[in-house]
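Q: Data: protein01.cif, mmCIF, C-alpha atoms.
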data_upload
loop_
_atom_site.label_atom_id
_atom_site.label_comp_id
_atom_site.auth_asym_id
_atom_site.auth_seq_id
_atom_site.Cartn_x
_atom_site.Cartn_y
_atom_site.Cartn_z
CA MET A 1 -161.35 -84.60 -123.21
CA ASP A 2 -164.15 -85.83 -120.96
CA LEU A 3 -163.56 -89.04 -119.03
CA TYR A 4 -166.17 -91.68 -118.40
CA GLU A 5 -167.33 -91.93 -114.80
CA HIS A 6 -165.39 -95.14 -114.20
CA GLN A 7 -162.21 -93.44 -115.46
CA ALA A 8 -162.87 -90.41 -113.23
CA ARG A 9 -163.45 -92.78 -110.32
CA GLU A 10 -160.09 -94.44 -110.98
CA LEU A 11 -158.35 -91.07 -111.16
CA LEU A 12 -159.89 -89.87 -107.89
CA ALA A 13 -158.94 -93.10 -106.13
CA GLU A 14 -155.33 -92.69 -107.26
CA HIS A 15 -155.25 -89.34 -105.47
CA GLY A 16 -156.51 -90.76 -102.19
CA ILE A 17 -160.21 -89.90 -102.48
CA ALA A 18 -162.51 -92.64 -101.21
CA VAL A 19 -164.70 -94.16 -103.96
CA PRO A 20 -167.00 -97.21 -104.10
CA ARG A 21 -165.69 -100.57 -105.23
CA ALA A 22 -166.80 -100.97 -108.83
CA GLU A 23 -166.27 -102.78 -112.13
CA VAL A 24 -167.21 -102.03 -115.73
CA THR A 25 -168.61 -104.38 -118.36
CA ASP A 26 -170.36 -104.38 -121.70
CA SER A 27 -171.75 -107.88 -121.18
CA PRO A 28 -175.05 -108.54 -119.38
CA GLU A 29 -173.86 -112.09 -118.76
CA ARG A 30 -170.90 -110.78 -116.71
CA VAL A 31 -173.11 -108.61 -114.55
CA ARG A 32 -174.24 -111.37 -112.19
CA GLU A 33 -170.66 -112.42 -111.50
CA ILE A 34 -169.58 -108.85 -110.82
CA ALA A 35 -172.59 -108.19 -108.60
CA ARG A 36 -171.84 -111.29 -106.51
CA ALA A 37 -168.23 -110.17 -106.08
CA LEU A 38 -169.42 -106.75 -104.88
CA GLY A 39 -171.80 -108.24 -102.32
CA GLY A 40 -174.97 -108.82 -104.34
CA ARG A 41 -176.69 -105.46 -103.92
CA VAL A 42 -175.26 -102.97 -106.44
CA VAL A 43 -175.89 -99.76 -108.32
CA VAL A 44 -175.93 -100.21 -112.12
CA LYS A 45 -174.86 -97.03 -113.93
CA ALA A 46 -174.75 -96.18 -117.63
CA GLN A 47 -171.31 -95.05 -118.79
CA VAL A 48 -171.74 -92.09 -121.13
CA ARG A 49 -170.02 -88.72 -121.32
CA THR A 50 -173.07 -86.65 -120.43
CA GLY A 51 -175.20 -85.76 -117.43
CA GLY A 52 -178.82 -86.59 -116.69
CA ARG A 53 -178.33 -90.35 -116.53
CA GLY A 54 -180.51 -90.76 -113.47
CA LYS A 55 -183.44 -88.87 -114.96
CA ALA A 56 -183.14 -90.92 -118.14
CA GLY A 57 -183.28 -94.23 -116.26
CA GLY A 58 -179.58 -94.94 -116.69
CA VAL A 59 -178.89 -95.42 -112.97
CA ARG A 60 -180.65 -98.24 -111.10
CA LEU A 61 -180.30 -99.87 -107.70
CA ALA A 62 -180.40 -103.66 -107.91
CA ALA A 63 -181.18 -105.78 -104.86
CA ASP A 64 -179.38 -108.91 -106.08
CA PRO A 65 -177.34 -110.24 -109.03
CA ALA A 66 -180.42 -111.26 -111.02
CA ALA A 67 -181.93 -107.79 -110.69
CA ALA A 68 -178.56 -106.30 -111.65
CA GLU A 69 -178.52 -108.28 -114.90
CA GLU A 70 -182.06 -107.19 -115.68
CA ALA A 71 -181.14 -103.56 -115.05
CA ALA A 72 -178.02 -103.84 -117.22
CA ARG A 73 -179.99 -105.32 -120.11
CA HIS A 74 -182.38 -102.38 -119.92
CA ILE A 75 -179.61 -99.76 -119.72
CA LEU A 76 -177.23 -101.11 -122.37
CA GLY A 77 -178.16 -99.63 -125.74
CA MET A 78 -180.14 -96.74 -124.23
CA ASP A 79 -179.86 -93.30 -125.79
CA ILE A 80 -179.12 -90.64 -123.19
CA LYS A 81 -179.01 -87.13 -124.64
CA GLY A 82 -177.72 -88.47 -127.92
CA HIS A 83 -175.16 -90.84 -126.36
CA LYS A 84 -175.64 -94.59 -126.82
CA VAL A 85 -174.81 -96.65 -123.73
CA GLY A 86 -172.17 -99.25 -124.54
CA THR A 87 -170.96 -100.13 -121.03
CA VAL A 88 -172.29 -100.13 -117.48
CA MET A 89 -170.49 -99.75 -114.18
CA LEU A 90 -171.57 -101.80 -111.18
CA ALA A 91 -170.74 -100.17 -107.85
CA GLU A 92 -171.29 -101.04 -104.23
CA PRO A 93 -174.07 -98.94 -102.65
CA PHE A 94 -173.79 -96.87 -99.47
CA ASP A 95 -176.28 -95.83 -96.83
CA ILE A 96 -176.16 -92.04 -97.20
CA GLU A 97 -176.62 -89.49 -94.44
CA ARG A 98 -175.93 -86.30 -96.47
CA GLU A 99 -175.00 -85.35 -100.05
CA PHE A 100 -172.69 -82.51 -101.14
CA TYR A 101 -171.35 -80.99 -104.36
CA VAL A 102 -167.72 -79.95 -104.93
CA SER A 103 -165.82 -78.99 -108.06
CA TYR A 104 -162.98 -76.93 -109.51
CA VAL A 105 -163.34 -75.46 -112.98
CA LEU A 106 -161.11 -73.29 -115.13
CA ASP A 107 -162.40 -69.75 -115.57
CA ARG A 108 -160.55 -68.64 -118.70
CA ALA A 109 -161.97 -65.13 -118.71
CA ALA A 110 -160.65 -64.47 -115.18
CA GLY A 111 -157.38 -66.36 -115.70
CA ARG A 112 -157.89 -68.52 -112.63
CA PHE A 113 -159.86 -71.48 -111.31
CA LEU A 114 -163.21 -71.38 -109.57
CA ALA A 115 -164.19 -73.59 -106.64
CA ILE A 116 -167.92 -74.34 -106.72
CA ALA A 117 -169.37 -76.13 -103.72
CA SER A 118 -172.72 -76.70 -102.07
CA ALA A 119 -174.25 -78.61 -99.21
CA GLU A 120 -177.11 -79.41 -101.62
CA GLY A 121 -175.58 -82.21 -103.71
CA GLY A 122 -177.06 -85.08 -105.65
CA THR A 123 -178.84 -83.06 -108.35
CA GLU A 124 -177.59 -80.94 -111.24
CA ILE A 125 -175.85 -77.88 -109.81
CA GLU A 126 -177.55 -75.63 -112.38
CA GLU A 127 -180.94 -76.55 -110.91
CA VAL A 128 -179.75 -75.90 -107.37
CA ALA A 129 -178.23 -72.55 -108.36
CA ALA A 130 -181.42 -71.51 -110.16
CA LYS A 131 -183.73 -72.35 -107.27
CA ARG A 132 -181.48 -71.51 -104.32
CA PRO A 133 -178.43 -69.54 -105.47
CA GLU A 134 -177.51 -68.67 -101.91
CA VAL A 135 -176.53 -72.30 -101.16
CA VAL A 136 -173.94 -72.48 -103.95
CA ALA A 137 -170.54 -71.03 -103.02
CA ARG A 138 -168.20 -69.78 -105.76
CA ILE A 139 -164.69 -69.11 -104.51
CA PRO A 140 -161.90 -67.90 -106.87
CA VAL A 141 -158.71 -69.98 -106.66
CA ASP A 142 -155.36 -68.51 -107.63
CA PRO A 143 -153.51 -71.27 -109.52
CA ALA A 144 -150.20 -69.98 -108.13
CA THR A 145 -151.23 -70.77 -104.55
CA GLY A 146 -153.83 -73.47 -105.17
CA VAL A 147 -155.93 -75.16 -102.51
CA HIS A 148 -154.09 -75.91 -99.30
CA THR A 149 -155.77 -76.80 -96.03
CA ALA A 150 -156.62 -73.21 -95.05
CA MET A 151 -158.16 -72.53 -98.47
CA ALA A 152 -160.12 -75.80 -98.31
CA VAL A 153 -161.49 -74.77 -94.91
CA ARG A 154 -162.58 -71.45 -96.44
CA ILE A 155 -164.38 -73.25 -99.29
CA ALA A 156 -166.06 -75.71 -96.92
CA ASP A 157 -167.22 -72.94 -94.58
CA ALA A 158 -168.60 -70.86 -97.46
CA ALA A 159 -170.60 -73.82 -98.78
CA GLY A 160 -171.72 -75.19 -95.44
CA LEU A 161 -169.75 -78.43 -95.85
CA PRO A 162 -168.68 -80.43 -92.79
CA PRO A 163 -165.03 -80.32 -91.67
CA GLN A 164 -164.53 -83.93 -92.84
CA THR A 165 -164.66 -82.73 -96.46
CA VAL A 166 -161.56 -80.52 -96.16
CA ASP A 167 -159.15 -83.36 -96.95
CA THR A 168 -161.17 -84.29 -100.05
CA LEU A 169 -161.11 -80.67 -101.25
CA VAL A 170 -157.31 -80.60 -100.97
CA ARG A 171 -156.92 -83.95 -102.72
CA LEU A 172 -159.35 -82.95 -105.48
CA TRP A 173 -157.23 -79.89 -106.24
CA LYS A 174 -154.09 -82.03 -106.41
CA ALA A 175 -155.88 -84.34 -108.85
CA LEU A 176 -156.80 -81.37 -111.06
CA VAL A 177 -153.23 -80.04 -111.17
CA ARG A 178 -151.40 -83.34 -111.54
CA GLU A 179 -153.75 -84.68 -114.24
CA ASP A 180 -153.86 -81.49 -116.38
CA ALA A 181 -157.61 -81.14 -115.82
CA LEU A 182 -159.88 -78.24 -116.70
CA LEU A 183 -162.73 -79.56 -114.54
CA VAL A 184 -162.95 -81.98 -111.64
CA GLU A 185 -166.35 -82.54 -110.04
CA ILE A 186 -167.79 -84.82 -107.38
CA ASN A 187 -171.57 -85.02 -107.26
CA PRO A 188 -172.54 -86.36 -104.91
CA LEU A 189 -169.80 -86.34 -102.33
CA VAL A 190 -171.54 -88.12 -99.47
CA ARG A 191 -171.22 -88.67 -95.77
CA THR A 192 -172.36 -92.19 -95.00
CA VAL A 193 -174.26 -93.20 -91.89
CA GLN A 194 -170.93 -94.60 -90.65
CA GLY A 195 -169.37 -91.13 -91.04
CA ARG A 196 -167.20 -91.85 -94.10
CA ILE A 197 -166.74 -89.23 -96.86
CA VAL A 198 -167.07 -90.98 -100.23
CA ALA A 199 -167.16 -89.73 -103.83
CA LEU A 200 -170.12 -91.57 -105.35
CA ASP A 201 -169.91 -89.95 -108.78
CA GLY A 202 -167.17 -87.98 -110.50
CA LYS A 203 -166.67 -85.96 -113.64
CA VAL A 204 -163.29 -85.02 -115.07
CA THR A 205 -162.40 -82.99 -118.16
CA LEU A 206 -158.75 -83.08 -119.18
CA ASP A 207 -156.95 -80.41 -121.18
CA ASP A 208 -156.68 -81.54 -124.81
CA ASN A 209 -153.40 -79.63 -125.05
CA ALA A 210 -151.91 -82.07 -122.53
CA ARG A 211 -153.21 -85.17 -124.31
CA PHE A 212 -149.65 -86.25 -125.17
CA ARG A 213 -149.01 -86.60 -121.42
CA ARG A 214 -152.26 -88.47 -120.79
CA THR A 215 -152.08 -91.35 -123.25
CA ARG A 216 -153.68 -93.74 -120.75
CA TRP A 217 -157.00 -91.96 -121.24
CA GLY A 218 -159.11 -91.67 -124.35
CA GLY A 219 -158.76 -95.25 -125.54
CA GLU A 220 -162.52 -95.69 -125.30
CA ARG A 221 -163.97 -93.55 -128.06
CA GLU A 222 -167.58 -92.48 -127.98
CA VAL A 223 -169.08 -90.72 -130.96
CA PRO A 224 -172.16 -88.81 -129.77
CA ALA A 225 -175.31 -89.55 -131.70
CA GLU A 226 -176.43 -85.96 -131.16
CA ARG A 227 -175.76 -84.42 -134.58
CA LEU A 228 -175.02 -80.95 -133.20
CA GLU A 229 -172.35 -82.33 -130.86
CA VAL A 230 -170.82 -84.25 -133.76
CA ARG A 231 -170.81 -81.09 -135.85
CA ALA A 232 -169.35 -79.00 -133.03
CA ALA A 233 -166.66 -81.59 -132.28
CA ALA A 234 -165.61 -81.56 -135.94
CA LYS A 235 -165.06 -77.79 -135.60
CA GLY A 236 -163.12 -78.20 -132.36
CA LEU A 237 -165.81 -76.52 -130.25
CA ASN A 238 -166.41 -77.21 -126.55
CA TYR A 239 -170.16 -77.72 -126.95
CA VAL A 240 -172.74 -79.69 -124.96
CA LYS A 241 -176.38 -79.95 -126.03
CA LEU A 242 -178.90 -79.25 -123.27
CA ASP A 243 -182.70 -79.36 -123.16
CA GLY A 244 -183.68 -75.69 -123.22
CA GLU A 245 -184.57 -72.94 -125.64
CA VAL A 246 -181.93 -70.21 -125.06
CA GLY A 247 -178.67 -70.78 -126.92
CA VAL A 248 -175.69 -69.69 -124.82
CA ILE A 249 -172.18 -68.84 -125.96
CA GLY A 250 -169.40 -67.29 -123.89
CA ASN A 251 -165.66 -67.26 -123.35
CA GLY A 252 -164.54 -69.16 -120.28
CA ALA A 253 -166.16 -72.12 -118.55
CA GLY A 254 -166.86 -70.11 -115.39
CA LEU A 255 -168.54 -67.31 -117.33
CA VAL A 256 -170.62 -69.77 -119.36
CA MET A 257 -171.73 -71.65 -116.24
CA SER A 258 -172.71 -68.37 -114.59
CA THR A 259 -174.64 -67.41 -117.72
CA LEU A 260 -176.54 -70.71 -117.63
CA ASP A 261 -177.50 -70.00 -114.02
CA VAL A 262 -178.68 -66.47 -114.83
CA VAL A 263 -180.76 -67.66 -117.79
CA ALA A 264 -182.41 -70.30 -115.58
CA GLY A 265 -183.06 -67.63 -112.95
CA CYS A 266 -184.90 -65.58 -115.57
CA GLY A 267 -187.42 -68.35 -116.16
CA ALA A 268 -185.92 -69.96 -119.28
CA ARG A 269 -183.78 -73.03 -119.91
CA PRO A 270 -180.33 -73.03 -121.54
CA ALA A 271 -180.21 -74.97 -124.81
CA ASN A 272 -176.49 -75.63 -124.67
CA PHE A 273 -173.09 -75.02 -123.09
CA LEU A 274 -170.62 -73.48 -125.56
CA ASP A 275 -167.28 -72.07 -124.44
CA ILE A 276 -165.34 -70.42 -127.29
CA GLY A 277 -162.21 -70.20 -125.12
CA GLY A 278 -159.82 -67.48 -124.14
CA GLY A 279 -158.36 -66.70 -127.55
CA ALA A 280 -161.25 -67.37 -129.89
CA SER A 281 -161.02 -65.95 -133.39
CA ALA A 282 -163.81 -64.58 -135.54
CA ARG A 283 -163.88 -67.97 -137.27
CA VAL A 284 -164.50 -69.79 -133.99
CA MET A 285 -167.25 -67.34 -133.11
CA ALA A 286 -168.89 -67.86 -136.49
CA ASP A 287 -168.64 -71.65 -136.17
CA GLY A 288 -170.19 -71.56 -132.70
CA LEU A 289 -173.13 -69.43 -133.73
CA SER A 290 -173.64 -71.58 -136.79
CA VAL A 291 -174.04 -74.69 -134.61
CA ILE A 292 -176.34 -73.01 -132.09
CA LEU A 293 -178.55 -71.35 -134.69
CA SER A 294 -179.08 -74.66 -136.47
CA ASP A 295 -180.67 -76.17 -133.33
CA PRO A 296 -184.44 -76.17 -133.93
CA ALA A 297 -185.08 -76.05 -130.15
CA VAL A 298 -183.33 -72.68 -129.84
CA LYS A 299 -185.71 -69.71 -129.72
CA SER A 300 -183.14 -67.03 -128.89
CA VAL A 301 -179.37 -66.78 -128.48
CA LEU A 302 -177.40 -65.07 -125.73
CA VAL A 303 -173.77 -64.16 -126.51
CA ASN A 304 -171.98 -63.15 -123.30
CA VAL A 305 -168.32 -62.22 -123.79
CA PHE A 306 -165.88 -60.54 -121.48
CA GLY A 307 -162.94 -59.40 -123.59
CA GLY A 308 -159.56 -60.40 -122.22
CA ILE A 309 -157.43 -62.41 -124.59
CA THR A 310 -160.51 -62.48 -126.78
CA ALA A 311 -160.98 -58.95 -128.16
CA CYS A 312 -164.62 -57.93 -128.41
CA ASP A 313 -164.23 -56.49 -131.89
CA ALA A 314 -163.04 -59.93 -133.12
CA VAL A 315 -166.13 -61.46 -131.49
CA ALA A 316 -168.33 -58.90 -133.19
CA ASP A 317 -166.67 -59.64 -136.55
CA GLY A 318 -167.44 -63.32 -135.96
CA ILE A 319 -171.07 -62.57 -135.18
CA VAL A 320 -171.41 -60.53 -138.37
CA ARG A 321 -169.77 -63.29 -140.40
CA ALA A 322 -172.08 -65.92 -138.91
CA LEU A 323 -175.15 -63.78 -139.61
CA ASP A 324 -174.12 -63.48 -143.26
CA GLU A 325 -173.46 -67.22 -143.54
CA VAL A 326 -176.37 -68.66 -141.56
CA ARG A 327 -179.11 -66.10 -142.27
CA PRO A 328 -180.86 -66.63 -138.90
CA THR A 329 -184.53 -66.37 -138.12
CA LYS A 330 -183.93 -66.29 -134.34
CA PRO A 331 -183.05 -63.20 -132.27
CA LEU A 332 -179.62 -62.69 -130.74
CA VAL A 333 -178.88 -60.72 -127.59
CA VAL A 334 -175.22 -59.72 -127.33
CA ARG A 335 -173.38 -58.46 -124.28
CA LEU A 336 -169.78 -57.37 -124.88
CA ASP A 337 -167.54 -56.06 -122.11
CA GLY A 338 -163.81 -55.67 -121.60
CA ASN A 339 -161.08 -55.49 -124.26
CA ASN A 340 -162.23 -53.46 -127.29
CA ALA A 341 -165.87 -53.64 -126.16
CA ALA A 342 -166.78 -50.20 -127.55
CA ARG A 343 -165.27 -51.09 -130.91
CA GLY A 344 -167.13 -54.41 -130.93
CA ARG A 345 -170.45 -52.75 -130.14
CA ALA A 346 -169.78 -50.27 -132.95
CA VAL A 347 -169.23 -53.14 -135.39
CA LEU A 348 -172.64 -54.58 -134.51
CA ASP A 349 -174.31 -51.17 -134.66
CA ALA A 350 -172.88 -50.59 -138.13
CA HIS A 351 -174.13 -53.96 -139.34
CA ALA A 352 -177.59 -53.12 -137.95
CA HIS A 353 -179.03 -56.61 -138.27
CA PRO A 354 -182.74 -56.55 -137.36
CA LEU A 355 -182.45 -59.69 -135.19
CA VAL A 356 -179.47 -58.50 -133.11
CA GLU A 357 -179.92 -56.59 -129.86
CA GLN A 358 -177.22 -55.42 -127.48
CA ALA A 359 -177.26 -55.27 -123.68
CA THR A 360 -174.80 -53.72 -121.27
CA THR A 361 -175.07 -56.22 -118.40
CA MET A 362 -175.23 -60.00 -118.13
CA ASP A 363 -178.45 -59.88 -116.11
CA GLY A 364 -180.10 -57.56 -118.62
CA ALA A 365 -178.98 -59.67 -121.55
CA ALA A 366 -180.23 -62.88 -119.91
CA ARG A 367 -183.61 -61.34 -119.06
CA ARG A 368 -184.06 -60.18 -122.66
CA ALA A 369 -182.98 -63.51 -124.18
CA ALA A 370 -185.30 -65.39 -121.82
CA ARG A 371 -188.20 -63.08 -122.67
CA LEU A 372 -187.62 -63.51 -126.40
CA ALA A 373 -187.42 -67.31 -126.04
CA THR A 374 -190.54 -67.71 -123.95
CA ALA A 375 -192.52 -65.37 -126.20
CA ALA A 376 -191.57 -67.25 -129.38
#
Go ahead and express the file in the form of structure tokens.
A:
Amino acid sequence: MDLYEHQARELLAEHGIAVPRAEVTDSPERVREIARALGGRVVVKAQVRTGGRGKAGGVRLAADPAAAEEAARHILGMDIKGHKVGTVMLAEPFDIEREFYVSYVLDRAAGRFLAIASAEGGTEIEEVAAKRPEVVARIPVDPATGVHTAMAVRIADAAGLPPQTVDTLVRLWKALVREDALLVEINPLVRTVQGRIVALDGKVTLDDNARFRRTRWGGEREVPAERLEVRAAAKGLNYVKLDGEVGVIGNGAGLVMSTLDVVAGCGARPANFLDIGGGASARVMADGLSVILSDPAVKSVLVNVFGGITACDAVADGIVRALDEVRPTKPLVVRLDGNNAARGRAVLDAHAHPLVEQATTMDGAARRAARLATAA
């Protein structure tokens, strides 16, 4: 379950992380009053469960309450990646000295969490990783030991973050654990000209399996206008539509994020994020491929699976089932490794579909999928 930014902000504040003063409304008429209460000059931000709001014009700095109302009237009702804006958040602005990126995400394939951090915050981390992978630190986190001060220092040093961010890294981990989260992200985490460390924007994904313990969240329902996301949600898939041409499917959020980075590094753009999870069945695999292959923007598909709980032969069975059901006209590049990988590769070899290729490494699979997409 993804939280809206204003909900993520509230959650972070409850765990002692500094956030801007802010208020949410769906009424343009209320905007002036809120802006005056926050000091007049405010940032007006669309509240949707997707990224790319700034590029879409959904984040605007307003110099005074009148400008804030004008900005809100423009933003409310916008469509951002298939999500209609129904509310805006007004937040106090800060004079920023530096911007950073910090997050923790569950890596199902590895059975642990991954700390991702960078001194290059403020933009989408995928873009930063594609252009300058050396500035993005990825540090495995054992859930049994978590992130204490020494571990936070290690993460900060690896990413080139200032020492003042260590406390935020510790508190962010506590928020993840105590709130049953699969992902907690701050982008940007800023140092102001006064030297304060403040979380200007946050993203939180809670574990649906713990929804019964988190009844305070989820009251605001947003049905995405993007038809593929609606279709994927109906099948229980963790799917996000992106703007590229290479469909991506993997098992584990960390593995999928790494695959997105590798695809971007090969000169192509990912068309989606799709994590089939740690124990995905052949049915889940077939459903995922069915959604991706029905996206007209997709020119090729990359399936990157490391077999742990998910056995590779079950994944291969799912691919074969999807091919029989969907009858694709787009090429698939499949990389299977780990549990029952040889058996899974044999299943695909026996099926001998003319549009399916296999690769032995993630880099090789990504290069081939990117080449097929850009040549289409």
Q: For Gly318 in chain A, find every residue with an atom within 8 Å (counting all atoms listed in the file), except residues of its own chain fewer than 5 positions away, and show them as number ranges by chain.
A: A: 281-286
Q: For this structure, which residues satisfy the selection - the PyMOL selection byres ((chain A and resi 177) around 12) - when it is evaluated on the file as given? I want them as a ChimeraX atom specification.
A: /A:15,104-106,113,143-147,170-176,178-184,204-207,210
Q: Go ahead and write the residues just picked, C-alpha atoms, as a PDB file, keeping the file's coordinate frame.
A:
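Wrote it out as part_34.pdb, contents follow:
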ATOM      1  CA  HIS A  15    -155.250 -89.340-105.470  1.00  0.00           C
ATOM      2  CA  TYR A 104    -162.980 -76.930-109.510  1.00  0.00           C
ATOM      3  CA  VAL A 105    -163.340 -75.460-112.980  1.00  0.00           C
ATOM      4  CA  LEU A 106    -161.110 -73.290-115.130  1.00  0.00           C
ATOM      5  CA  PHE A 113    -159.860 -71.480-111.310  1.00  0.00           C
ATOM      6  CA  PRO A 143    -153.510 -71.270-109.520  1.00  0.00           C
ATOM      7  CA  ALA A 144    -150.200 -69.980-108.130  1.00  0.00           C
ATOM      8  CA  THR A 145    -151.230 -70.770-104.550  1.00  0.00           C
ATOM      9  CA  GLY A 146    -153.830 -73.470-105.170  1.00  0.00           C
ATOM     10  CA  VAL A 147    -155.930 -75.160-102.510  1.00  0.00           C
ATOM     11  CA  VAL A 170    -157.310 -80.600-100.970  1.00  0.00           C
ATOM     12  CA  ARG A 171    -156.920 -83.950-102.720  1.00  0.00           C
ATOM     13  CA  LEU A 172    -159.350 -82.950-105.480  1.00  0.00           C
ATOM     14  CA  TRP A 173    -157.230 -79.890-106.240  1.00  0.00           C
ATOM     15  CA  LYS A 174    -154.090 -82.030-106.410  1.00  0.00           C
ATOM     16  CA  ALA A 175    -155.880 -84.340-108.850  1.00  0.00           C
ATOM     17  CA  LEU A 176    -156.800 -81.370-111.060  1.00  0.00           C
ATOM     18  CA  ARG A 178    -151.400 -83.340-111.540  1.00  0.00           C
ATOM     19  CA  GLU A 179    -153.750 -84.680-114.240  1.00  0.00           C
ATOM     20  CA  ASP A 180    -153.860 -81.490-116.380  1.00  0.00           C
ATOM     21  CA  ALA A 181    -157.610 -81.140-115.820  1.00  0.00           C
ATOM     22  CA  LEU A 182    -159.880 -78.240-116.700  1.00  0.00           C
ATOM     23  CA  LEU A 183    -162.730 -79.560-114.540  1.00  0.00           C
ATOM     24  CA  VAL A 184    -162.950 -81.980-111.640  1.00  0.00           C
ATOM     25  CA  VAL A 204    -163.290 -85.020-115.070  1.00  0.00           C
ATOM     26  CA  THR A 205    -162.400 -82.990-118.160  1.00  0.00           C
ATOM     27  CA  LEU A 206    -158.750 -83.080-119.180  1.00  0.00           C
ATOM     28  CA  ASP A 207    -156.950 -80.410-121.180  1.00  0.00           C
ATOM     29  CA  ALA A 210    -151.910 -82.070-122.530  1.00  0.00           C
TER      30      ALA A 210
END
Q: At what distance in Å, to one decimal, does CA of Asp142 in chain A lie from CA of Ala110 in chain A?
A: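 Going from CA of Ala110 in chain A over to CA of Asp142 in chain A covers 10.1 Å.
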Q: What's the 10 Å shell around Asp157 in chain A, counting only C-alpha atoms, without same-chain residues fewer than 6 positions away, as a PDB file with C-alpha atoms, in the frame of the given file?
A:
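This went into result.pdb:
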ATOM      1  CA  ALA A 117    -169.370 -76.130-103.720  1.00  0.00           C
ATOM      2  CA  ALA A 137    -170.540 -71.030-103.020  1.00  0.00           C
ATOM      3  CA  MET A 151    -158.160 -72.530 -98.470  1.00  0.00           C
ATOM      4  CA  PRO A 163    -165.030 -80.320 -91.670  1.00  0.00           C
ATOM      5  CA  VAL A 166    -161.560 -80.520 -96.160  1.00  0.00           C
TER       6      VAL A 166
END
Q: Would you compute the distance between CA of Gly277 in chain A and CA of Gly250 in chain A? Give it in Å to one decimal.
A: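 CA of Gly277 in chain A sits 7.9 Å away from CA of Gly250 in chain A.
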Q: For the atom pair CA of Arg108 in chain A and CA of Thr361 in chain A, what is the interatomic distance in Å to one decimal place?
A: 19.1 Å
Q: So which residues are close to (-169.7, -88.3, -117.5), meaning at most 12 Å away in the file's coordinates with all atoms listed in the file counted, and can you show them as a compact mmCIF listing (two decimals) with C-alpha atoms, in the coordinates of the input?
A:
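The resulting file, part-v6.txt, is reproduced below:
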# COMPACT_ATOMS: atom_id res chain seq x y z
CA MET A 1 -161.35 -84.60 -123.21
CA ASP A 2 -164.15 -85.83 -120.96
CA LEU A 3 -163.56 -89.04 -119.03
CA TYR A 4 -166.17 -91.68 -118.40
CA GLU A 5 -167.33 -91.93 -114.80
CA HIS A 6 -165.39 -95.14 -114.20
CA GLN A 7 -162.21 -93.44 -115.46
CA ALA A 8 -162.87 -90.41 -113.23
CA ARG A 9 -163.45 -92.78 -110.32
CA LYS A 45 -174.86 -97.03 -113.93
CA ALA A 46 -174.75 -96.18 -117.63
CA GLN A 47 -171.31 -95.05 -118.79
CA VAL A 48 -171.74 -92.09 -121.13
CA ARG A 49 -170.02 -88.72 -121.32
CA THR A 50 -173.07 -86.65 -120.43
CA GLY A 51 -175.20 -85.76 -117.43
CA GLY A 52 -178.82 -86.59 -116.69
CA ARG A 53 -178.33 -90.35 -116.53
CA GLY A 54 -180.51 -90.76 -113.47
CA GLY A 58 -179.58 -94.94 -116.69
CA ILE A 80 -179.12 -90.64 -123.19
CA LYS A 81 -179.01 -87.13 -124.64
CA HIS A 83 -175.16 -90.84 -126.36
CA VAL A 85 -174.81 -96.65 -123.73
CA MET A 89 -170.49 -99.75 -114.18
CA LEU A 183 -162.73 -79.56 -114.54
CA VAL A 184 -162.95 -81.98 -111.64
CA GLU A 185 -166.35 -82.54 -110.04
CA ILE A 186 -167.79 -84.82 -107.38
CA ASN A 187 -171.57 -85.02 -107.26
CA ASP A 201 -169.91 -89.95 -108.78
CA GLY A 202 -167.17 -87.98 -110.50
CA LYS A 203 -166.67 -85.96 -113.64
CA VAL A 204 -163.29 -85.02 -115.07
CA THR A 205 -162.40 -82.99 -118.16
CA GLU A 222 -167.58 -92.48 -127.98
CA VAL A 240 -172.74 -79.69 -124.96
Q: Near Val262 in chain A, within 7 Å and counting all atoms listed in the file, which residues show up once chain neighbours fewer than 3 positions away are dropped, as an mmCIF file with C-alpha atoms, in the coordinates of the input?
A:
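Listed below is the output, part13.cif:
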data_model
loop_
_atom_site.group_PDB
_atom_site.id
_atom_site.type_symbol
_atom_site.label_atom_id
_atom_site.label_comp_id
_atom_site.auth_asym_id
_atom_site.auth_seq_id
_atom_site.Cartn_x
_atom_site.Cartn_y
_atom_site.Cartn_z
ATOM 1 C CA SER A 258 -172.710 -68.370 -114.590
ATOM 2 C CA THR A 259 -174.640 -67.410 -117.720
ATOM 3 C CA GLY A 265 -183.060 -67.630 -112.950
ATOM 4 C CA CYS A 266 -184.900 -65.580 -115.570
ATOM 5 C CA ASP A 363 -178.450 -59.880 -116.110
ATOM 6 C CA ALA A 366 -180.230 -62.880 -119.910
#
Q: Using only C-alpha atoms, which protein or nucleic acid residues come within 7 Å of range 340-355 of chain A? Drop anything in the same chain fewer than 4 positions from it, and give the result as a PyMOL selection string.
A: chain A and resi 307+311-313+316+330-332+336
Q: Selection in question (the file shown): the PyMOL selection byres ((chain A and resi 235) around 12). Which residues does it include, as a list in words?
A: Leu228, Glu229, Val230, Arg231, Ala232, Ala233, Ala234, Gly236, Leu237, Asn238, Tyr239, Ile276, Arg283, Val284, Met285, Ala286, Asp287, Gly288, Leu289, Ser290 and Val291 of chain A
Q: For a quick check of understanding, using all atoms listed in the file, which of A:Ala314, A:Ala373, A:Val141, A:Met78 has the smallest distance to Gly247 in chain A?
A: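 The shortest atom-to-atom distance to Gly247 in chain A comes from A:Ala373.
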Q: Please list as a ChimeraX atom specification every residue within 12 Å of range 93-96 of chain A, counting all atoms listed in the file and excluding residues in the same chain fewer than 6 positions away.
A: /A:19-22,35,38-45,59-64,121-122,188-201
Q: For a quick check of your reading of the model, name the residues lying within 9 Å of the coordinate (-173.9, -101.5, -124.2), counting only C-alpha atoms, and write them as a ChimeraX atom specification.
A: /A:25-28,46-47,72-73,75-78,84-88
